[in-house]
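**Q** Provided herewith is a single structure, encoded as structure tokens, for subsequent inquiry.
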Amino acid sequence: MSNAQAIGPTAPNLDWSSDQAQRRVRRRYAADRRLQAYGIIAIALAVGLLGVLIASLISTGFPAFIQTKVELPIYIDPAQVDPQDPGSGKYRALVREAVDKVVPGIPEEQKRSIGKILTSDAAYIVRDYVVDHPDVIGKTITLPIAVSDPFDQLHKGVIPKEMDALNWTQVGWFERLDNRGLVVEHDGRMSLKLDVYVNPEIVEAGPPPSGNFAVLAQSSLKAYLPRINDTSLVDMLAAEAPEVIGARIAAEPDIIGKTVQMYFPLSPHYAVLAKGETPKVLNPRFSQDQLAALDILDGKGLVRTPFNWELFFNADSRFPERAGLAGAITGSFYALLVCFLLSFPIGIAAAVYLEEFAPKNRFTDLIEVNINNLAAVPSVVFGLLGLAVFLGFFGLPRSAPLVGGMVLSLMTLPTIIITTRAALKAVPPSIREAALGVGASKHQVMIHHVLPLALPGILTGTIIGMAQALGETAPLLLIGMNAFIPSIENMGLLEPATSLPTQIFSWADSPERGFVSRTSAAILVLLGFLVIMNIVAITLRQMFQRKW
Amino acid sequence: MEAQPAVRVQAPAVPEPREGQSVARLELKMAARDVNLWYGEKQALFGVSLDMFDSSVTALIGPSGCGKSTFLRCLDRMNDVIDGCRVEGDIRLDGEDIYAPRVDPVQLRARVGMVFQKPNPFPKSIFENVAYGPRIHGLCKTKAEYADVVEKSLTRAGLWDEVKDRLDESGTGLSGGQQQRLCIARAISVNPEVLLMDEPCSALDPIATAKIETLMDELKKNLCIVIVTHSMQQAARVSQRTAFFHLGKLVEVDETSKIFTNPTDQRTQDYVTGRFG
């Protein structure tokens with residue numbers, strides 16, 4: 001009391017209404033608002049980028065969720081399929097006959113090409129159906145059969161039926177000539193008006209006139225477009241253009257050695273261009289007959305685009321229209337199962353020991369530092385470790401989900417240990433004291449009180465670790481868990497398998513157009529699983545959350 | 001039995017029953033002799049010797065950080081779980097050294113119950129809170145026995161009438177005072193012989209405090225209660241004997257009335273009259 005008086009006020013008195021003070025207040029508010037704005041900008045940026053990612057995935061991946069199919073009525077001819085042995089019938093012939101019936105009058109030499117509208121697996125689709133339903137032999141069944149990839153893409157509008165015949169450089173050359181007024185109509189044809197030096201070294205008067213008129217025509221065209229060494233330049237002139245020179249020499253032999261003006265007709269595409277239209281050609285993937293046949297099928301209402309369940313229930317295939325994720329999902333499931341069974345108990349046991357029982361000394365400090373460091377080790381390193389130890393030393397099978405799960409559990413263990421320790425730390429000491437106070441032993445305190453209270457945190461950490469493992473690619477590639485799995489029937493812990501991320505990797509590497517959208521679709525499926533796992537984590541946390 | 005360490009506790013100076021008190025002769029329940037305690041390098045208790053008697057309340061008072069809670073936690077070996085804590089000296093419960101190797105701290109804590117400063121019921125039902133102790137010690141067999149223990153404990157803790165209709169509700173949903181009485185019920189559910197209370201009322205309002213003090217009067221009839229408190233009024237109200245701690249040393253211990261009216265030591269005098277602390 002007396003001290004306070006002796007010292008006096010601790011700071012000089014401030015005038016809170018002075019301009020300086022006001023300015024300080026304003027500045028403080030501005031700084032607050034700035035800080036808030038930075039946060040909002042950061043969040044907007046993050047959400048925006050995520051939105052772009054999802055939007056691009058959905059727009060590319062959407063076509064993979066539907067599949068163009070032909071509802072083909074197929075007569076299962078008992079002459080071709082033996083009811084005693086339906087597995088070895090001549091299904092290819094059955095499919096061909098069915099196509100014949102729907103699209104009548106296909107010439108024999110076209111049948112092969114028309115048959116390519118359907119997937120190459122068509123015969124196997126029919127076989128599998130007949131093997132499953134032997135009673136259909138002798139009847140006509142209608143099976144939805146996927147069309148092959150180019151026609152699927154065509155039907156979905158991903159690739160066009162017609163393409164621009166001329167690329168933009170070719171259009172550019174034409175425009176340069178057109179701008180000089182060289183494109184004129186002559187004798188009812190769009191032609192190029194070119195000066196030609198009738199080189200006596202190339203042509204002879206004849207009669208009949210002879211020589212390499214084509215070279216002459218080309219060189220005179222090239223003279224107008226110097227420094228362009230593109231062989232496709234010659235396509236600008238119609239095939240009969242050189243004859244113009246021959247005809248002219250026949251009529252006026254004395255032009256040899258002189259430069260004269262000639263009218264060369266344009267080739268068809270350029271002629272269309274000269275009329276102000278865009279020349280089109282048929283997409284080289286398709287033939288006119290195939291398109292006609294597809295139109296007939298479409299006209300009969302047989303072409304459908306149902307939801308592509310096969311994306312989820314088929315295993316991988318060389319043909320994108322038949323490829324699905326079932327193998328990848330199964331492989332990921334097995335690998336995650338192994339990963340969970342290994343890392344959950346080991347992780348919790350390690351965390352409980354380190355947190356509750358371990359003495360605090362240099363050795364346990366070292367262990368702790370190493371666990372934290374392990375969480376930051378690049379996953380490819382774990383893959384190499386798995387390759388060297390599990391495959392190389394222990395001789396476990398290549399590509400197997402067992403090894404994949406073991407490698408993934410190496411990665412999830414640090415995550416689980418760290419989150420479990422954090423969850424154990426977060427349990428208030430009063431609960432431990434209360435339990436110890438009534439005479440609970442250490443393990444009773446742990447099992448009855450601390451673990452149940454830490455469980456939400458532990459589960460969250462585990463599921464997040466699992467989600468990480470689900471998306472991990474590099475270690476699985478290193479142990480070869482990107483096998484081509486055309487059927488999920490023989491999958492097991494020790495059989496070769498693939499997984500979702502490695503499946504995405506292989507599809508992204510495939511040249512077929514259909515795999516582009518399937519890659520995006522597979523990414524969406526993977527993201528879907530991650531979202532589901534996170535929702536489960538949140539639900540579990542809320543379910544087990546208890547107040548104290 | 002092999003050579004027992006010499007019991008340094010001779011028949012203690014039993015305070016004479018005071019006028020107006022029905023306490024006949026008090027029996028020695030716990031005795032601490034020359035207790036030193038270190039947290040790592042730092043010594044927290046210096047040669048504390050204290051007797052605690054059955055059927056009475058012993059209050060430990062003193063300024064913050066004087067070691068009274070630390071001493072209390074020595075009595076049920078709760079300090080064992082603290083890293084780097086080392087106890088020397090001799091603490092006996094009914095003449096038996098509680099730090100002897102053959103003494104199991106878990107069993108000891110069943111005999112010496114503890115109530116903490118902050119009410120800390122388990123996040124379980126009220127019934128489970130009370131039944132937990134009997135359950136882990138295997139005191140009951142049938143459901144009816146558990147129900148009986150729970151009812152008796154809650155009745156003794158003066159909480160039965162308030163919670164008998166909602167035994168399934170979470171113990172954390174009760175008010176602070178009720179939670180603390182629930183913790184007392186939990187502590188006495190295993191029939192402890194000694195009840196340690198570490199500032200049990202510091203987080204409670206005066207009404208809840210009054211209830212707990214009444215309860216302590218009831219409980220002390222067949223318990224040895226040791227209470228740490230910052231409230232000298234509380235010590236004066238509930239305790240028969242009071243020990244004053246200062247800087248890790250036991251300065252003075254005597255009958256409560258003597259400590260508050262005619263202490264021997266000047267420091268005690270200063271503290272109880274509010275000169276410091």
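A note on labels: chains of the structure tokens are A, B, ... as shown, every chain counts residues from 1, and ligands are counted from 1 in their shown order.
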Where does chain B meet chain A within 6 Å, residue by residue, with the nearest atom pair and distance in Å to one decimal for each, counting only C-alpha atoms, listed by chain and rising number, as a tab-separated table?
**A**
```
residue	atom	partner	partner_atom	distance
B:Val106	CA	A:Gly439	CA	4.7
B:Arg109	CA	A:Gly439	CA	4.7
B:Ala110	CA	A:Gly439	CA	4.8
B:Met114	CA	A:Gly437	CA	5.4
B:Asn120	CA	A:Ser430	CA	6.0
B:Pro123	CA	A:Trp548	CA	5.4
B:Gly133	CA	A:Val438	CA	5.7
B:Thr172	CA	A:Trp548	CA	5.8
B:Ala187	CA	A:Val438	CA	5.9
```
**Q** Tell me which protein, DNA and RNA residues are within 9 Å of segment 237-241 of chain A, counting only C-alpha atoms, leaving out same-chain ones fewer than 6 positions away, and put them as a list in words.
**A** Ser191, Leu192, Phe213, Ala214, Ala217, Gln218, Leu221, Tyr263, Phe264, Pro265, Leu266, Ser267, Pro268 and Tyr270 of chain A
**Q** Take the residues that were just selected and, keeping N, CA and C atoms, output them as a PDB file, in the first residue's frame.
**A**
```pdb
ATOM      1  N   SER A 191      -9.653 -22.343-108.220  1.00  0.00           N
ATOM      2  CA  SER A 191      -8.309 -22.618-108.707  1.00  0.00           C
ATOM      3  C   SER A 191      -7.328 -21.598-108.163  1.00  0.00           C
ATOM      4  N   LEU A 192      -6.050 -21.954-108.308  1.00  0.00           N
ATOM      5  CA  LEU A 192      -4.978 -21.028-107.967  1.00  0.00           C
ATOM      6  C   LEU A 192      -4.420 -20.453-109.263  1.00  0.00           C
ATOM      7  N   PHE A 213       5.454 -32.691-115.141  1.00  0.00           N
ATOM      8  CA  PHE A 213       4.598 -31.520-114.922  1.00  0.00           C
ATOM      9  C   PHE A 213       4.295 -31.317-113.445  1.00  0.00           C
ATOM     10  N   ALA A 214       4.222 -32.420-112.717  1.00  0.00           N
ATOM     11  CA  ALA A 214       3.886 -32.306-111.282  1.00  0.00           C
ATOM     12  C   ALA A 214       4.943 -31.469-110.552  1.00  0.00           C
ATOM     13  N   ALA A 217       4.524 -27.877-111.418  1.00  0.00           N
ATOM     14  CA  ALA A 217       3.405 -27.248-110.724  1.00  0.00           C
ATOM     15  C   ALA A 217       3.772 -26.967-109.269  1.00  0.00           C
ATOM     16  N   GLN A 218       4.423 -27.980-108.635  1.00  0.00           N
ATOM     17  CA  GLN A 218       4.784 -27.794-107.224  1.00  0.00           C
ATOM     18  C   GLN A 218       5.794 -26.677-107.034  1.00  0.00           C
ATOM     19  N   LEU A 221       4.215 -23.404-107.221  1.00  0.00           N
ATOM     20  CA  LEU A 221       3.455 -23.084-105.995  1.00  0.00           C
ATOM     21  C   LEU A 221       4.409 -22.678-104.882  1.00  0.00           C
ATOM     22  N   TYR A 263      -3.991 -21.618-114.435  1.00  0.00           N
ATOM     23  CA  TYR A 263      -4.987 -21.836-113.380  1.00  0.00           C
ATOM     24  C   TYR A 263      -4.959 -23.302-112.964  1.00  0.00           C
ATOM     25  N   PHE A 264      -4.533 -23.541-111.736  1.00  0.00           N
ATOM     26  CA  PHE A 264      -4.473 -24.916-111.240  1.00  0.00           C
ATOM     27  C   PHE A 264      -5.668 -25.150-110.315  1.00  0.00           C
ATOM     28  N   PRO A 265      -6.460 -26.176-110.590  1.00  0.00           N
ATOM     29  CA  PRO A 265      -7.595 -26.451-109.683  1.00  0.00           C
ATOM     30  C   PRO A 265      -7.093 -26.870-108.295  1.00  0.00           C
ATOM     31  N   LEU A 266      -7.852 -26.430-107.249  1.00  0.00           N
ATOM     32  CA  LEU A 266      -7.495 -26.782-105.872  1.00  0.00           C
ATOM     33  C   LEU A 266      -7.958 -28.198-105.557  1.00  0.00           C
ATOM     34  N   SER A 267      -7.243 -28.822-104.656  1.00  0.00           N
ATOM     35  CA  SER A 267      -7.672 -30.152-104.204  1.00  0.00           C
ATOM     36  C   SER A 267      -8.983 -29.995-103.416  1.00  0.00           C
ATOM     37  N   PRO A 268      -9.747 -31.081-103.290  1.00  0.00           N
ATOM     38  CA  PRO A 268     -11.121 -30.965-102.753  1.00  0.00           C
ATOM     39  C   PRO A 268     -11.201 -30.205-101.426  1.00  0.00           C
ATOM     40  N   TYR A 270      -9.198 -28.014-100.062  1.00  0.00           N
ATOM     41  CA  TYR A 270      -8.920 -26.578-100.199  1.00  0.00           C
ATOM     42  C   TYR A 270     -10.019 -25.898-100.970  1.00  0.00           C
TER      43      TYR A 270
END
```
**Q** Give me the residues within 9 Å of Leu341 of chain A as a list of chain:residue names, counting only C-alpha atoms and dropping any in the same chain fewer than 5 places off.
**A**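 Selected residues are A:Leu336, A:Ile346, A:Ser409.
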**Q** Where in segment 239-463 of chain A does DSSP assign alpha helix (DSSP H), given as a short mmCIF file (atom, residue, chain, number, x, y, z; two decimals) with C-alpha atoms, in the first residue's frame?
**A**
```cif
data_model
loop_
_atom_site.label_atom_id
_atom_site.label_comp_id
_atom_site.auth_asym_id
_atom_site.auth_seq_id
_atom_site.Cartn_x
_atom_site.Cartn_y
_atom_site.Cartn_z
CA ALA A 241 -3.42 -30.04 -111.69
CA PRO A 242 -0.22 -31.00 -113.59
CA GLU A 243 -2.35 -31.84 -116.62
CA VAL A 244 -3.13 -28.14 -116.92
CA ILE A 245 0.49 -27.60 -117.88
CA GLY A 246 0.43 -30.41 -120.43
CA ALA A 247 -2.74 -29.11 -122.04
CA ARG A 248 -1.38 -25.59 -122.17
CA ILE A 249 1.87 -26.68 -123.86
CA ALA A 250 -0.06 -28.72 -126.35
CA ALA A 251 -2.09 -25.64 -127.22
CA PRO A 268 -11.12 -30.96 -102.75
CA HIS A 269 -10.41 -29.89 -99.14
CA TYR A 270 -8.92 -26.58 -100.20
CA ALA A 271 -11.75 -26.06 -102.66
CA VAL A 272 -14.18 -26.37 -99.74
CA LEU A 273 -12.03 -23.92 -97.82
CA ALA A 274 -12.07 -21.53 -100.76
CA GLN A 288 -18.17 -45.29 -93.28
CA ASP A 289 -19.66 -48.77 -93.05
CA GLN A 290 -19.13 -49.00 -89.33
CA LEU A 291 -20.84 -45.68 -88.81
CA ALA A 292 -23.71 -46.76 -91.02
CA ALA A 293 -24.08 -49.98 -89.03
CA LEU A 294 -23.99 -48.04 -85.76
CA ASP A 295 -26.69 -45.74 -87.14
CA ILE A 296 -28.84 -48.76 -87.94
CA LEU A 297 -28.38 -50.09 -84.39
CA ASP A 298 -29.16 -46.67 -82.98
CA GLY A 299 -32.21 -46.36 -85.26
CA GLU A 310 -18.98 -52.72 -64.49
CA LEU A 311 -16.64 -49.96 -63.38
CA PHE A 312 -17.12 -51.29 -59.86
CA PHE A 313 -17.77 -54.97 -60.46
CA ALA A 326 -13.15 -54.57 -58.57
CA GLY A 327 -9.65 -56.04 -58.56
CA ALA A 328 -8.13 -52.81 -57.34
CA ILE A 329 -10.74 -52.38 -54.60
CA THR A 330 -10.30 -55.98 -53.46
CA GLY A 331 -6.52 -55.64 -53.45
CA SER A 332 -6.68 -52.39 -51.52
CA PHE A 333 -9.10 -54.00 -49.08
CA TYR A 334 -6.77 -56.93 -48.37
CA ALA A 335 -3.74 -54.68 -48.07
CA LEU A 336 -5.55 -52.32 -45.70
CA LEU A 337 -6.83 -55.25 -43.68
CA VAL A 338 -3.29 -56.54 -43.17
CA CYS A 339 -2.12 -53.00 -42.50
CA PHE A 340 -4.84 -52.46 -39.88
CA LEU A 341 -4.34 -55.81 -38.17
CA LEU A 342 -0.63 -55.10 -37.86
CA SER A 343 -0.46 -51.42 -37.12
CA PHE A 344 -3.48 -50.95 -34.84
CA PRO A 345 -2.49 -53.32 -32.02
CA ILE A 346 1.24 -52.71 -32.40
CA GLY A 347 0.73 -48.96 -32.57
CA ILE A 348 -1.51 -48.82 -29.52
CA ALA A 349 0.71 -51.13 -27.52
CA ALA A 350 3.78 -49.08 -28.39
CA ALA A 351 2.04 -45.81 -27.63
CA VAL A 352 0.65 -47.03 -24.31
CA ARG A 362 17.91 -41.18 -23.23
CA PHE A 363 16.96 -44.50 -24.74
CA THR A 364 13.23 -43.78 -24.75
CA ASP A 365 13.95 -40.26 -26.00
CA LEU A 366 15.86 -41.81 -28.89
CA ILE A 367 12.94 -44.11 -29.67
CA GLU A 368 10.55 -41.18 -29.57
CA VAL A 369 12.66 -39.07 -31.92
CA ASN A 370 12.96 -42.00 -34.31
CA ILE A 371 9.23 -42.63 -34.37
CA ASN A 372 8.60 -38.99 -35.15
CA ASN A 373 11.21 -39.12 -37.90
CA LEU A 374 9.71 -42.29 -39.36
CA SER A 379 6.97 -43.65 -48.71
CA VAL A 380 9.16 -44.85 -51.55
CA VAL A 381 11.84 -45.60 -48.99
CA PHE A 382 9.45 -47.89 -47.15
CA GLY A 383 8.76 -49.52 -50.49
CA LEU A 384 12.47 -50.18 -50.98
CA LEU A 385 12.70 -51.52 -47.45
CA GLY A 386 9.78 -53.84 -48.14
CA PRO A 401 -1.48 -57.80 -50.54
CA LEU A 402 0.17 -59.35 -47.48
CA VAL A 403 3.48 -57.68 -48.33
CA GLY A 404 1.66 -54.52 -49.44
CA GLY A 405 -0.14 -54.35 -46.11
CA MET A 406 3.10 -54.94 -44.22
CA VAL A 407 4.83 -52.13 -46.07
CA LEU A 408 1.85 -49.82 -45.56
CA SER A 409 1.75 -50.67 -41.87
CA LEU A 410 5.37 -49.50 -41.59
CA MET A 411 4.09 -46.16 -42.82
CA THR A 412 0.94 -45.98 -40.69
CA LEU A 413 2.62 -47.14 -37.48
CA PRO A 414 4.28 -43.79 -36.71
CA THR A 415 1.02 -41.96 -37.42
CA ILE A 416 -0.92 -44.26 -35.13
CA ILE A 417 1.68 -44.13 -32.38
CA ILE A 418 1.88 -40.36 -32.47
CA THR A 419 -1.88 -39.78 -32.50
CA THR A 420 -2.45 -42.42 -29.83
CA ARG A 421 0.12 -40.81 -27.58
CA ALA A 422 -1.49 -37.43 -28.12
CA ALA A 423 -4.89 -38.91 -27.29
CA LEU A 424 -3.52 -40.56 -24.14
CA LYS A 425 -1.88 -37.30 -23.10
CA ALA A 426 -5.17 -35.49 -23.57
CA PRO A 429 -4.73 -36.59 -15.02
CA SER A 430 -7.64 -36.22 -12.62
CA ILE A 431 -9.24 -39.32 -14.13
CA ARG A 432 -6.07 -41.33 -13.58
CA GLU A 433 -5.80 -40.00 -10.01
CA ALA A 434 -9.43 -40.83 -9.34
CA ALA A 435 -8.94 -44.39 -10.52
CA LEU A 436 -5.62 -44.80 -8.69
CA GLY A 437 -7.27 -43.29 -5.61
CA LYS A 442 -2.00 -49.36 -13.57
CA HIS A 443 -3.49 -51.63 -16.17
CA GLN A 444 -6.97 -51.15 -14.73
CA LEU A 451 -8.10 -46.03 -23.17
CA PRO A 452 -11.89 -45.60 -23.44
CA LEU A 453 -11.45 -41.86 -23.09
CA ALA A 454 -8.62 -41.80 -25.60
CA LEU A 455 -10.42 -44.10 -28.00
CA PRO A 456 -12.00 -41.37 -30.17
CA GLY A 457 -8.59 -39.83 -30.74
CA ILE A 458 -6.99 -43.20 -31.35
CA LEU A 459 -9.64 -44.21 -33.87
CA THR A 460 -9.39 -40.91 -35.67
CA GLY A 461 -5.64 -41.25 -35.93
CA THR A 462 -5.91 -44.83 -37.08
CA ILE A 463 -8.46 -44.09 -39.77
#
```
**Q** If you count only C-alpha atoms, which residues fall within 12 Å of Asn222 of chain B, apart from same-chain ones fewer than 4 positions away, as a list of chain:residue names?
**A**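 Those residues are B:Val23, B:Leu26, B:Glu27, B:Lys29, B:Phe53, B:Asp54, B:Ser55, B:Ser56, B:Val57, B:Arg156, B:Ile188, B:Asn191, B:Pro192, B:Glu193, B:Val194, B:Leu195, B:Met216, B:Asp217, B:Glu218.
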